[in-house]
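A.B. asks: File name upload.txt; file contents compact mmCIF, C-alpha atoms and all ligand atoms; full text below.
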# COMPACT_ATOMS: atom_id res chain seq x y z
CA MET X 19 -14.55 33.36 -26.04
CA LEU X 20 -12.63 32.62 -22.83
CA GLU X 21 -12.30 28.90 -22.19
CA THR X 22 -12.73 27.69 -18.62
CA THR X 23 -12.53 24.39 -16.69
CA ASP X 24 -12.43 23.12 -13.10
CA VAL X 25 -9.28 21.08 -13.77
CA ALA X 26 -6.83 21.53 -16.64
CA ILE X 27 -4.68 18.45 -17.24
CA ILE X 28 -1.61 19.06 -19.37
CA GLY X 29 -0.67 15.84 -21.19
CA GLY X 30 -2.83 13.17 -22.81
CA GLY X 31 -0.70 10.12 -21.96
CA ALA X 32 -1.75 7.33 -19.61
CA ALA X 33 -1.15 9.49 -16.52
CA GLY X 34 -3.17 12.49 -17.71
CA CYS X 35 -6.02 10.40 -19.13
CA ALA X 36 -6.27 8.32 -15.92
CA ILE X 37 -6.57 11.47 -13.80
CA ALA X 38 -9.16 12.88 -16.22
CA PHE X 39 -11.19 9.67 -16.05
CA CYS X 40 -11.30 9.66 -12.22
CA LEU X 41 -12.14 13.37 -11.92
CA ALA X 42 -14.77 13.39 -14.66
CA GLU X 43 -16.43 10.36 -13.04
CA ALA X 44 -16.52 12.33 -9.78
CA GLY X 45 -18.42 15.10 -11.57
CA LEU X 46 -15.73 17.77 -12.10
CA SER X 47 -15.32 19.61 -15.37
CA VAL X 48 -12.03 18.46 -16.83
CA THR X 49 -10.00 19.44 -19.88
CA ILE X 50 -7.06 17.38 -21.16
CA ILE X 51 -4.68 19.60 -23.13
CA GLU X 52 -2.56 17.59 -25.56
CA ARG X 53 -0.32 18.90 -28.31
CA GLU X 54 0.36 15.77 -30.39
CA GLY X 55 -2.73 13.63 -29.79
CA VAL X 56 -3.93 11.36 -26.97
CA ALA X 57 -1.55 8.38 -26.58
CA SER X 58 0.76 9.77 -29.26
CA GLN X 59 3.90 9.23 -27.13
CA ALA X 60 5.17 6.39 -24.88
CA SER X 61 1.66 5.62 -23.61
CA GLY X 62 0.66 4.58 -27.11
CA TYR X 63 3.78 2.50 -27.86
CA ALA X 64 4.75 0.81 -24.57
CA ALA X 65 5.09 -2.97 -24.49
CA GLY X 66 2.10 -3.18 -22.16
CA ALA X 67 3.60 -5.63 -19.67
CA LEU X 68 2.01 -5.37 -16.22
CA ASN X 69 4.53 -6.83 -13.79
CA PRO X 70 4.17 -5.54 -10.23
CA MET X 71 6.79 -7.90 -8.80
CA ILE X 72 10.07 -6.73 -10.29
CA GLY X 73 11.68 -3.46 -11.38
CA ASN X 74 13.26 -0.31 -9.98
CA GLY X 75 11.87 0.18 -6.48
CA ILE X 76 10.31 -3.33 -6.40
CA PRO X 77 10.75 -4.85 -3.89
CA GLY X 78 11.06 -1.52 -2.09
CA PRO X 79 9.36 1.89 -2.11
CA LEU X 80 7.31 1.29 -5.27
CA ALA X 81 6.05 -2.22 -4.40
CA ALA X 82 2.80 -1.45 -2.55
CA PHE X 83 1.70 1.20 -5.06
CA ALA X 84 2.53 -1.05 -8.02
CA ARG X 85 0.53 -3.91 -6.53
CA GLU X 86 -2.48 -1.65 -5.88
CA SER X 87 -2.37 -0.44 -9.46
CA PHE X 88 -2.06 -3.99 -10.80
CA ASP X 89 -5.21 -4.99 -8.90
CA MET X 90 -6.99 -1.84 -10.14
CA HIS X 91 -6.18 -2.78 -13.75
CA ARG X 92 -8.12 -6.00 -13.38
CA ARG X 93 -11.18 -4.17 -12.02
CA LEU X 94 -10.93 -1.35 -14.56
CA TYR X 95 -10.78 -3.47 -17.71
CA PRO X 96 -14.39 -4.75 -17.82
CA MET X 97 -15.66 -1.29 -16.82
CA LEU X 98 -13.70 0.61 -19.50
CA ASN X 99 -14.49 -2.02 -22.08
CA GLU X 100 -18.22 -1.72 -21.44
CA LEU X 101 -18.17 2.09 -21.27
CA THR X 102 -16.12 2.70 -24.40
CA GLY X 103 -16.34 -0.45 -26.52
CA ILE X 104 -12.52 -0.41 -26.73
CA ASP X 105 -11.09 -3.86 -26.04
CA TYR X 106 -7.47 -3.33 -25.06
CA GLN X 107 -7.02 -7.05 -24.49
CA LEU X 108 -5.97 -7.32 -20.87
CA GLN X 109 -4.92 -10.92 -20.31
CA THR X 110 -2.57 -13.05 -18.27
CA LEU X 111 0.64 -14.16 -19.91
CA PRO X 112 3.13 -16.60 -18.41
CA GLU X 113 6.72 -15.35 -18.23
CA VAL X 114 9.90 -17.31 -18.91
CA ARG X 115 12.83 -15.42 -17.36
CA LEU X 116 16.28 -16.68 -18.32
CA THR X 117 19.83 -16.09 -17.16
CA PHE X 118 22.95 -17.33 -18.92
CA ASP X 119 25.16 -16.33 -15.98
CA GLU X 120 25.71 -18.87 -13.16
CA THR X 121 26.33 -16.08 -10.65
CA GLU X 122 22.75 -14.82 -11.13
CA VAL X 123 21.13 -18.15 -10.26
CA PRO X 124 20.78 -17.44 -6.49
CA ALA X 125 18.96 -14.18 -7.31
CA PHE X 126 16.64 -16.10 -9.64
CA GLU X 127 15.94 -18.63 -6.89
CA ALA X 128 15.12 -15.79 -4.50
CA LEU X 129 12.78 -14.27 -7.11
CA ALA X 130 10.97 -17.60 -7.60
CA ASP X 131 10.61 -17.93 -3.84
CA ARG X 132 9.23 -14.38 -3.48
CA LEU X 133 6.75 -14.90 -6.33
CA LEU X 134 5.62 -18.19 -4.86
CA ARG X 135 4.75 -16.43 -1.61
CA THR X 136 2.75 -13.70 -3.40
CA ASP X 137 -1.00 -13.82 -3.71
CA GLY X 138 -2.06 -14.47 -7.32
CA PHE X 139 1.37 -15.60 -8.53
CA ALA X 140 2.97 -19.01 -9.06
CA ALA X 141 6.63 -19.51 -9.93
CA SER X 142 9.31 -22.16 -10.02
CA MET X 143 12.90 -22.68 -11.13
CA THR X 144 12.57 -24.74 -14.27
CA GLU X 145 14.92 -27.22 -15.91
CA GLN X 146 16.11 -27.08 -19.48
CA TRP X 147 14.16 -30.15 -20.66
CA ARG X 148 10.90 -28.63 -19.40
CA ILE X 149 11.44 -25.43 -21.37
CA ARG X 150 12.34 -27.46 -24.48
CA LYS X 151 9.03 -29.28 -24.09
CA LEU X 152 7.09 -26.09 -23.36
CA GLU X 153 8.45 -24.04 -26.25
CA PRO X 154 11.29 -25.55 -28.32
CA ARG X 155 12.05 -22.17 -29.90
CA ILE X 156 13.32 -20.76 -26.57
CA ASN X 157 17.09 -21.11 -26.06
CA SER X 158 17.39 -23.85 -23.42
CA GLU X 159 21.16 -23.46 -22.93
CA PHE X 160 20.51 -21.25 -19.92
CA ALA X 161 22.06 -21.28 -16.45
CA GLY X 162 18.78 -20.58 -14.70
CA CYS X 163 15.11 -20.05 -15.52
CA VAL X 164 12.12 -18.82 -13.52
CA PHE X 165 8.73 -19.73 -14.95
CA THR X 166 6.00 -17.42 -13.63
CA ARG X 167 2.23 -17.29 -13.87
CA GLY X 168 0.29 -14.24 -12.69
CA ASN X 169 1.54 -11.29 -14.76
CA TYR X 170 -0.81 -9.49 -17.13
CA THR X 171 -0.37 -7.73 -20.46
CA LEU X 172 -2.47 -5.24 -22.41
CA ASP X 173 -2.50 -3.04 -25.49
CA SER X 174 -1.14 0.31 -24.20
CA LEU X 175 -2.57 2.36 -27.06
CA GLY X 176 -6.08 0.96 -26.56
CA PHE X 177 -5.80 1.32 -22.78
CA THR X 178 -4.86 5.01 -22.95
CA GLN X 179 -7.50 5.72 -25.59
CA ALA X 180 -10.10 3.91 -23.45
CA LEU X 181 -9.23 6.08 -20.43
CA ALA X 182 -9.63 9.22 -22.56
CA ALA X 183 -12.89 7.99 -24.12
CA ALA X 184 -14.31 7.07 -20.70
CA ALA X 185 -13.34 10.50 -19.35
CA GLN X 186 -15.09 12.12 -22.34
CA HIS X 187 -18.11 9.90 -21.74
CA SER X 188 -18.35 11.56 -18.30
CA GLY X 189 -18.04 15.04 -19.79
CA ALA X 190 -14.26 15.66 -20.02
CA LYS X 191 -12.95 17.56 -23.03
CA VAL X 192 -9.80 16.98 -25.03
CA ARG X 193 -8.37 20.32 -26.10
CA PRO X 194 -5.68 20.00 -28.79
CA GLY X 195 -2.91 22.51 -28.24
CA ALA X 196 0.57 23.15 -26.88
CA VAL X 197 0.95 24.76 -23.46
CA ARG X 198 3.62 27.47 -23.35
CA GLY X 199 3.20 28.73 -19.77
CA LEU X 200 0.99 29.33 -16.75
CA GLU X 201 -0.42 32.54 -15.36
CA ILE X 202 0.31 32.71 -11.63
CA ARG X 203 -1.55 34.81 -9.02
CA GLY X 204 0.12 34.57 -5.60
CA ASP X 205 0.23 30.89 -4.69
CA GLN X 206 -2.23 29.82 -7.39
CA VAL X 207 -2.22 29.02 -11.07
CA SER X 208 -5.13 30.97 -12.55
CA ARG X 209 -4.77 30.28 -16.24
CA VAL X 210 -3.08 27.93 -18.71
CA LEU X 211 -1.43 29.76 -21.61
CA LEU X 212 -1.53 27.88 -24.91
CA GLU X 213 0.04 28.75 -28.21
CA ASP X 214 -3.43 29.39 -29.61
CA GLY X 215 -5.43 30.58 -26.61
CA GLU X 216 -5.91 30.64 -22.84
CA LEU X 217 -7.82 28.44 -20.42
CA ASP X 218 -9.02 29.60 -16.98
CA CYS X 219 -8.79 26.80 -14.43
CA GLY X 220 -9.47 26.07 -10.78
CA GLU X 221 -6.70 23.45 -10.60
CA VAL X 222 -3.95 22.29 -12.93
CA ALA X 223 -2.37 18.83 -13.16
CA LEU X 224 0.93 18.50 -15.02
CA ALA X 225 1.19 15.06 -16.65
CA MET X 226 3.70 15.92 -19.33
CA GLY X 227 5.78 12.75 -19.14
CA PRO X 228 9.40 13.23 -20.26
CA TRP X 229 8.65 16.88 -21.12
CA SER X 230 7.83 17.75 -17.49
CA ARG X 231 10.94 19.91 -17.08
CA GLN X 232 9.24 22.54 -19.29
CA ALA X 233 7.18 23.43 -16.22
CA GLU X 234 10.27 24.15 -14.08
CA SER X 235 10.47 27.69 -15.43
CA TRP X 236 6.67 28.13 -15.32
CA LEU X 237 6.53 27.25 -11.61
CA GLY X 238 10.06 28.00 -10.38
CA THR X 239 10.59 24.51 -8.96
CA TYR X 240 12.71 21.47 -9.80
CA ILE X 241 10.99 18.65 -11.70
CA PRO X 242 13.94 16.37 -12.49
CA VAL X 243 12.40 14.09 -15.12
CA ASP X 244 14.59 13.03 -18.04
CA PRO X 245 13.77 11.14 -21.25
CA LEU X 246 15.00 7.53 -21.49
CA LYS X 247 14.60 6.38 -25.06
CA GLY X 248 13.20 2.90 -25.74
CA GLU X 249 12.89 1.15 -29.10
CA ILE X 250 10.80 -1.90 -30.03
CA LEU X 251 10.71 -4.11 -33.13
CA ARG X 252 7.35 -5.64 -34.00
CA MET X 253 8.20 -8.93 -35.72
CA ARG X 254 6.35 -11.75 -37.44
CA LEU X 255 7.87 -15.05 -36.35
CA PRO X 256 7.30 -18.13 -38.55
CA GLY X 257 5.27 -20.91 -36.94
CA PRO X 258 2.57 -20.75 -34.27
CA PRO X 259 2.36 -17.67 -32.02
CA LEU X 260 4.64 -17.59 -28.95
CA GLN X 261 2.62 -18.24 -25.79
CA HIS X 262 5.07 -16.80 -23.23
CA GLU X 263 6.78 -13.55 -22.52
CA VAL X 264 10.50 -14.35 -22.69
CA VAL X 265 12.87 -12.10 -20.73
CA GLY X 266 16.59 -12.16 -20.05
CA ALA X 267 20.11 -11.08 -21.04
CA GLY X 268 18.92 -7.48 -21.36
CA ALA X 269 16.23 -8.35 -23.92
CA ALA X 270 12.54 -9.21 -23.91
CA LEU X 271 10.00 -10.75 -26.30
CA TYR X 272 6.35 -9.86 -25.85
CA PRO X 273 3.85 -11.97 -27.84
CA LYS X 274 0.71 -10.05 -28.84
CA PRO X 275 -2.83 -11.31 -29.56
CA ASP X 276 -2.46 -10.47 -33.28
CA GLY X 277 0.42 -12.99 -33.51
CA LEU X 278 3.23 -10.44 -33.67
CA VAL X 279 6.15 -10.55 -31.24
CA TRP X 280 7.40 -7.23 -29.90
CA CYS X 281 11.14 -7.35 -29.29
CA GLY X 282 12.93 -4.86 -27.12
CA THR X 283 13.30 -2.84 -25.20
CA THR X 284 16.34 -0.63 -25.26
CA GLU X 285 17.34 2.03 -22.73
CA ASP X 286 19.33 4.93 -24.16
CA TRP X 287 19.94 8.44 -22.85
CA ARG X 288 19.72 10.40 -26.12
CA GLY X 289 17.83 13.52 -25.11
CA TYR X 290 14.58 14.02 -26.99
CA ASP X 291 15.63 12.09 -30.11
CA ARG X 292 12.62 9.95 -31.08
CA ARG X 293 13.98 8.44 -34.31
CA PRO X 294 14.07 4.65 -34.63
CA LEU X 295 17.74 3.90 -35.38
CA ALA X 296 19.21 1.16 -37.58
CA GLU X 297 22.05 0.52 -35.09
CA THR X 298 19.49 -0.02 -32.30
CA ARG X 299 17.58 -2.44 -34.51
CA GLU X 300 20.71 -4.59 -34.77
CA ARG X 301 21.24 -4.43 -31.00
CA ILE X 302 17.64 -5.54 -30.31
CA LEU X 303 17.97 -8.45 -32.75
CA GLU X 304 21.24 -9.57 -31.12
CA GLY X 305 19.53 -9.61 -27.69
CA ALA X 306 16.37 -11.33 -28.96
CA LYS X 307 18.50 -14.00 -30.69
CA LYS X 308 19.93 -15.05 -27.32
CA LEU X 309 16.40 -15.81 -26.10
CA VAL X 310 14.80 -17.19 -29.26
CA PRO X 311 17.47 -17.97 -31.88
CA GLY X 312 14.82 -18.40 -34.60
CA ILE X 313 14.09 -14.68 -34.45
CA VAL X 314 16.61 -14.32 -37.30
CA GLU X 315 13.92 -15.76 -39.59
CA ALA X 316 11.27 -13.28 -38.46
CA THR X 317 10.18 -10.37 -40.64
CA LEU X 318 10.18 -6.84 -39.32
CA VAL X 319 6.73 -5.22 -39.41
CA THR X 320 7.29 -1.95 -37.51
CA HIS X 321 10.11 -0.30 -35.60
CA THR X 322 9.06 2.24 -32.93
CA ALA X 323 10.87 4.59 -30.57
CA CYS X 324 9.57 6.66 -27.66
CA LEU X 325 10.64 8.24 -24.38
CA ARG X 326 10.12 7.16 -20.76
CA PRO X 327 9.84 9.84 -18.04
CA VAL X 328 12.57 8.97 -15.51
CA THR X 329 13.43 10.61 -12.16
CA PRO X 330 16.78 10.40 -10.29
CA ASP X 331 15.40 7.83 -7.80
CA TRP X 332 13.25 6.02 -10.43
CA LEU X 333 10.11 6.79 -8.44
CA PRO X 334 7.15 8.83 -9.73
CA ILE X 335 6.50 12.42 -8.69
CA LEU X 336 2.93 12.68 -7.45
CA GLY X 337 1.39 15.49 -5.44
CA ARG X 338 1.10 19.20 -4.91
CA VAL X 339 3.78 21.46 -6.39
CA PRO X 340 5.66 23.01 -3.45
CA GLY X 341 4.51 26.60 -2.90
CA TYR X 342 1.22 26.29 -4.84
CA ARG X 343 -2.30 25.61 -3.65
CA ASN X 344 -3.77 24.30 -6.90
CA ALA X 345 -0.93 22.82 -9.02
CA TRP X 346 -0.26 19.07 -9.06
CA LEU X 347 2.41 16.84 -10.56
CA ALA X 348 1.78 13.40 -12.04
CA THR X 349 4.94 12.33 -13.80
CA GLY X 350 8.10 10.23 -13.62
CA ALA X 351 6.58 6.76 -13.89
CA GLY X 352 9.68 5.61 -15.79
CA LYS X 353 9.48 2.05 -17.10
CA LYS X 354 6.19 1.31 -15.30
CA GLY X 355 3.83 4.07 -16.42
CA ILE X 356 1.23 1.76 -17.94
CA LEU X 357 1.18 -0.49 -14.88
CA LEU X 358 0.98 2.53 -12.57
CA ALA X 359 -1.58 4.61 -14.50
CA PRO X 360 -4.73 3.47 -12.63
CA ALA X 361 -3.18 4.23 -9.23
CA ILE X 362 -1.64 7.50 -10.44
CA GLY X 363 -5.04 8.56 -11.80
CA LYS X 364 -6.87 7.70 -8.61
CA ALA X 365 -4.27 9.14 -6.22
CA VAL X 366 -3.91 12.48 -8.00
CA ALA X 367 -7.67 12.79 -8.56
CA ASP X 368 -8.22 12.09 -4.83
CA LEU X 369 -5.71 14.80 -3.93
CA ILE X 370 -7.31 17.34 -6.27
CA ALA X 371 -10.86 16.55 -5.13
CA THR X 372 -10.33 15.95 -1.40
CA ASP X 373 -6.71 16.81 -0.55
CA ALA X 374 -6.05 13.23 0.63
CA THR X 375 -5.70 9.71 -0.73
CA ALA X 376 -5.62 6.26 0.82
CA LEU X 377 -3.11 5.09 -1.80
CA PRO X 378 0.51 4.69 -0.59
CA ILE X 379 2.15 7.73 -2.24
CA GLU X 380 4.30 8.99 0.64
CA ASN X 381 7.53 8.06 -1.20
CA PHE X 382 6.60 10.11 -4.28
CA ALA X 383 6.18 13.66 -2.92
CA PRO X 384 7.39 16.49 -5.23
CA GLN X 385 8.85 18.08 -2.09
CA ARG X 386 11.76 15.60 -2.15
CA PHE X 387 13.20 17.46 -5.14
CA ALA X 388 12.32 21.01 -4.02
CA ASN X 389 15.98 21.80 -3.30
CA TRP X 390 17.40 19.36 -5.84
CA ASN X 391 20.88 20.31 -6.99
CA GLY X 392 21.49 17.46 -9.40
CA ASN X 393 23.42 15.22 -6.99
C1 LIG X 401 9.87 1.20 -25.28
C2 LIG X 401 9.03 1.38 -24.05
C3 LIG X 401 8.38 0.28 -23.50
C4 LIG X 401 7.61 0.43 -22.34
N1 LIG X 401 7.00 -0.66 -21.84
C5 LIG X 401 6.25 -0.54 -20.70
C6 LIG X 401 5.56 -1.67 -20.16
O1 LIG X 401 5.65 -2.77 -20.70
N2 LIG X 401 4.83 -1.50 -19.02
C7 LIG X 401 4.72 -0.28 -18.39
O2 LIG X 401 4.06 -0.20 -17.36
N3 LIG X 401 5.35 0.81 -18.90
C8 LIG X 401 6.10 0.71 -20.02
N4 LIG X 401 6.75 1.80 -20.53
C9 LIG X 401 6.69 3.08 -19.81
C10 LIG X 401 5.42 3.86 -20.13
O3 LIG X 401 5.22 3.89 -21.53
C11 LIG X 401 5.55 5.30 -19.61
O4 LIG X 401 5.94 5.30 -18.25
C12 LIG X 401 4.19 6.00 -19.69
O5 LIG X 401 3.66 5.90 -20.99
C13 LIG X 401 4.32 7.49 -19.30
O6 LIG X 401 3.04 8.06 -19.42
P1 LIG X 401 2.85 9.62 -19.25
O7 LIG X 401 1.41 9.90 -19.41
O8 LIG X 401 3.52 10.05 -18.00
O9 LIG X 401 3.73 10.26 -20.44
P2 LIG X 401 3.48 10.32 -22.04
O10 LIG X 401 2.85 9.11 -22.56
O11 LIG X 401 4.79 10.74 -22.62
O12 LIG X 401 2.45 11.51 -22.19
C14 LIG X 401 2.80 12.86 -21.93
C15 LIG X 401 2.01 13.72 -22.90
O13 LIG X 401 2.19 15.09 -22.58
C16 LIG X 401 2.14 15.82 -23.79
N5 LIG X 401 2.76 17.12 -23.57
C17 LIG X 401 4.02 17.37 -23.08
N6 LIG X 401 4.24 18.68 -23.03
C18 LIG X 401 3.09 19.31 -23.45
C19 LIG X 401 2.73 20.67 -23.63
N7 LIG X 401 3.57 21.69 -23.35
N8 LIG X 401 1.48 20.94 -24.10
C20 LIG X 401 0.61 19.94 -24.41
N9 LIG X 401 0.93 18.63 -24.27
C21 LIG X 401 2.15 18.31 -23.79
C22 LIG X 401 2.91 14.93 -24.77
O14 LIG X 401 2.58 15.23 -26.11
C23 LIG X 401 2.46 13.53 -24.33
O15 LIG X 401 1.39 13.05 -25.12
C24 LIG X 401 7.50 1.69 -21.71
C25 LIG X 401 8.11 2.80 -22.28
C26 LIG X 401 8.89 2.66 -23.44
C27 LIG X 401 9.55 3.87 -24.03
Just give me the structure as structure tokens.
Ligand SMILES: Cc1cc2nc3c(=O)[nH]c(=O)nc-3n(C[C@H](O)[C@H](O)[C@H](O)COP(=O)(O)OP(=O)(O)OC[C@H]3O[C@@H](n4cnc5c(N)ncnc54)[C@H](O)[C@@H]3O)c2cc1C

C.D. replies:
Amino acid sequence: MLETTDVAIIGGGAAGCAIAFCLAEAGLSVTIIEREGVASQASGYAAGALNPMIGNGIPGPLAAFARESFDMHRRLYPMLNELTGIDYQLQTLPEVRLTFDETEVPAFEALADRLLRTDGFAASMTEQWRIRKLEPRINSEFAGCVFTRGNYTLDSLGFTQALAAAAQHSGAKVRPGAVRGLEIRGDQVSRVLLEDGELDCGEVALAMGPWSRQAESWLGTYIPVDPLKGEILRMRLPGPPLQHEVVGAGAALYPKPDGLVWCGTTEDWRGYDRRPLAETRERILEGAKKLVPGIVEATLVTHTACLRPVTPDWLPILGRVPGYRNAWLATGAGKKGILLAPAIGKAVADLIATDATALPIENFAPQRFANWNGN
């Protein structure tokens, strides 16, 4: 029997599931096509930090979109929780950001000042004795420290699964399978070709994360998204749970509600290699030790590795594929794909349903790479 859907979404990560949720809620028939399982890649393993105030393109071209998405997360959580029964534990978590380099102190002061002037955030430069009192396990031999309140954290796996479950609640289907191509008629995609079947569709959204370049040959356009590998160690630290996210010196410690501390995260260009590596484990521990020396006494519970979808300008690619009426890209969220998922979902669903969105996506048009030559 021929399968058919209004909108085929290729990729069951946070981006694809967020689009599916918004479209299914609006009453369209939606099918998520996923080859390895919903949330089986980075969206199920990310650290889950929601920080709209710092990162590539922030401050800058990503700032307004990131802030919108951050605010959407807070509205979405009670709704998804009630709809699906999945509690992905969205909560605020204070951040301790350290530098051991005197020359970075002015930049830290500027960050504290910017955070202080931002609605919903509080921040201050903090002395060593205060940090010792706050959490004696943090290395207080730093040159500078910004203490921030206002960031949020969540469980990425639960979040992505909740989006998919909520989409299904509104009628969306999850179709297991690997897409191998698209059937094109003129300026339209008419059918998705899977390894084990075909799916007729009115629209297609490509949310394939770091595998987005597969679609370059399907559509004859550039989609310059490359995989940036990240590894995390989930550790059990002796003593009471850490109460702060601790960041600095190229490392980060993320305390989780189950008492574990996730240590990471690395950034390595290693193609599509998804193996957790022993040498990376040592590198993460070295970095974590600078922040919390007692980490050497922690026991390793799990070591994970996954791939971020990164574009040349570190901005997402959102919008209509140049030259096509009904093909859409939702990829390239890089290191912020969990933070950005609600806004990506809403913006791309708006475009598919109404051809317009009020969200600030003008910096993310696929068109900017239409004649990309790699420079
Ligand atoms: C170590 C690490 C830590 C991170 N921490 C954070 C964080 O704290 N905060 C934050 O905001 N972001 C974080 N990120 C980034 C975030 O995880 C990603 O940006 C986000 O998960 C990307 O989501 P996605 O849906 O675009 O891609 P993915 O999650 O990769 O999903 C794409 C899906 O498409 C499927 N697919 C691809 N090709 C096909 C095909 N041909 N047929 C069928 N299915 C296909 C894949 O199987 C996959 O499931 C982190 C990433 C890493 C690696």

A.B. asks: Find the spatial neighbours of X:Ala26, counting all atoms listed in the file, within a cut-off of 7 Å - ignore same-chain residues fewer than 6 positions away - and output them as a list of chain:residue names.

C.D. replies: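 The filter keeps X:Val48, X:Thr49, X:Ile50, X:Cys219, X:Glu221, X:Val222, X:Ala223.
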
A.B. asks: Grab the atom CA of X:Leu108 to atom N1 of ligand LIG 401 (chain X) distance for me, in Å with one decimal place.

C.D. replies: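 We find that atom CA of X:Leu108 and atom N1 of ligand LIG 401 (chain X) lie 14.6 Å from each other.
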
A.B. asks: Give me the residues within 12 Å of X:Gly195 as a ChimeraX atom specification, counting all atoms listed in the file and dropping any in the same chain fewer than 6 places off.

C.D. replies: /X:27-30,49-56,210-217

A.B. asks: Dump as CSV the rows for residues of chain X within 7 Å of ligand LIG 401 (chain X): closest atom pair and distance in Å with one decimal, only C-alpha atoms and all ligand atoms counted, ordered by chain and rising residue number.

C.D. replies:
residue,atom,partner,partner_atom,distance
X:Ile28,CA,X:LIG401,N9,5.5
X:Gly29,CA,X:LIG401,O13,3.3
X:Gly30,CA,X:LIG401,O15,4.8
X:Gly31,CA,X:LIG401,O7,3.3
X:Ala32,CA,X:LIG401,O7,4.1
X:Ala33,CA,X:LIG401,O7,3.9
X:Gly34,CA,X:LIG401,O7,5.5
X:Ile51,CA,X:LIG401,C20,5.5
X:Glu52,CA,X:LIG401,N9,3.9
X:Arg53,CA,X:LIG401,C20,4.1
X:Glu54,CA,X:LIG401,O14,4.9
X:Gly55,CA,X:LIG401,O15,6.3
X:Val56,CA,X:LIG401,O15,5.9
X:Ala57,CA,X:LIG401,O15,5.7
X:Ser58,CA,X:LIG401,O15,5.3
X:Gln59,CA,X:LIG401,O10,4.7
X:Ala60,CA,X:LIG401,O3,4.2
X:Ser61,CA,X:LIG401,O5,3.3
X:Gly62,CA,X:LIG401,O10,6.8
X:Tyr63,CA,X:LIG401,C2,6.6
X:Ala64,CA,X:LIG401,C4,3.6
X:Ala65,CA,X:LIG401,O1,3.8
X:Gly66,CA,X:LIG401,O1,3.9
X:Ala67,CA,X:LIG401,O1,3.7
X:Leu68,CA,X:LIG401,N2,5.5
X:Gly195,CA,X:LIG401,C20,5.8
X:Ala196,CA,X:LIG401,N8,3.7
X:Val197,CA,X:LIG401,N8,3.9
X:Arg198,CA,X:LIG401,N7,5.8
X:Ala225,CA,X:LIG401,O8,5.7
X:Met226,CA,X:LIG401,O13,3.7
X:Gly227,CA,X:LIG401,O9,3.5
X:Pro228,CA,X:LIG401,O11,5.7
X:Trp229,CA,X:LIG401,C17,5.1
X:Ser230,CA,X:LIG401,N6,6.7
X:Lys247,CA,X:LIG401,C27,5.7
X:Gly248,CA,X:LIG401,C1,3.8
X:Glu249,CA,X:LIG401,C1,4.9
X:Ile250,CA,X:LIG401,C1,5.7
X:Thr283,CA,X:LIG401,C1,5.3
X:Thr284,CA,X:LIG401,C1,6.7
X:Ala323,CA,X:LIG401,C1,6.4
X:Cys324,CA,X:LIG401,C27,4.6
X:Leu325,CA,X:LIG401,C27,4.5
X:Arg326,CA,X:LIG401,C27,4.7
X:Pro327,CA,X:LIG401,O4,6.0
X:Thr349,CA,X:LIG401,O8,5.0
X:Gly350,CA,X:LIG401,O8,6.3
X:Ala351,CA,X:LIG401,O4,4.6
X:Gly352,CA,X:LIG401,O4,4.5
X:Lys353,CA,X:LIG401,C9,4.0
X:Lys354,CA,X:LIG401,O2,3.3
X:Gly355,CA,X:LIG401,O4,3.1
X:Ile356,CA,X:LIG401,O2,3.5
X:Leu357,CA,X:LIG401,O2,3.8
X:Leu358,CA,X:LIG401,O2,6.3

A.B. asks: Neighbours of stretch 84-87 of chain X within 12 Å (all atoms listed in the file; same-chain residues fewer than 3 positions away dropped), as a PyMOL selection string?

C.D. replies: chain X and resi 36+68-81+90-94+136-139+169-170+333-334+351+353-365+376-379

A.B. asks: Could you turn the residues from that selection into a file that holds C-alpha atoms, as a compact mmCIF listing (two decimals), keeping the file's coordinate frame?

C.D. replies:
# COMPACT_ATOMS: atom_id res chain seq x y z
CA ALA X 36 -6.27 8.32 -15.92
CA LEU X 68 2.01 -5.37 -16.22
CA ASN X 69 4.53 -6.83 -13.79
CA PRO X 70 4.17 -5.54 -10.23
CA MET X 71 6.79 -7.90 -8.80
CA ILE X 72 10.07 -6.73 -10.29
CA GLY X 73 11.68 -3.46 -11.38
CA ASN X 74 13.26 -0.31 -9.98
CA GLY X 75 11.87 0.18 -6.48
CA ILE X 76 10.31 -3.33 -6.40
CA PRO X 77 10.75 -4.85 -3.89
CA GLY X 78 11.06 -1.52 -2.09
CA PRO X 79 9.36 1.89 -2.11
CA LEU X 80 7.31 1.29 -5.27
CA ALA X 81 6.05 -2.22 -4.40
CA MET X 90 -6.99 -1.84 -10.14
CA HIS X 91 -6.18 -2.78 -13.75
CA ARG X 92 -8.12 -6.00 -13.38
CA ARG X 93 -11.18 -4.17 -12.02
CA LEU X 94 -10.93 -1.35 -14.56
CA THR X 136 2.75 -13.70 -3.40
CA ASP X 137 -1.00 -13.82 -3.71
CA GLY X 138 -2.06 -14.47 -7.32
CA PHE X 139 1.37 -15.60 -8.53
CA ASN X 169 1.54 -11.29 -14.76
CA TYR X 170 -0.81 -9.49 -17.13
CA LEU X 333 10.11 6.79 -8.44
CA PRO X 334 7.15 8.83 -9.73
CA ALA X 351 6.58 6.76 -13.89
CA LYS X 353 9.48 2.05 -17.10
CA LYS X 354 6.19 1.31 -15.30
CA GLY X 355 3.83 4.07 -16.42
CA ILE X 356 1.23 1.76 -17.94
CA LEU X 357 1.18 -0.49 -14.88
CA LEU X 358 0.98 2.53 -12.57
CA ALA X 359 -1.58 4.61 -14.50
CA PRO X 360 -4.73 3.47 -12.63
CA ALA X 361 -3.18 4.23 -9.23
CA ILE X 362 -1.64 7.50 -10.44
CA GLY X 363 -5.04 8.56 -11.80
CA LYS X 364 -6.87 7.70 -8.61
CA ALA X 365 -4.27 9.14 -6.22
CA ALA X 376 -5.62 6.26 0.82
CA LEU X 377 -3.11 5.09 -1.80
CA PRO X 378 0.51 4.69 -0.59
CA ILE X 379 2.15 7.73 -2.24
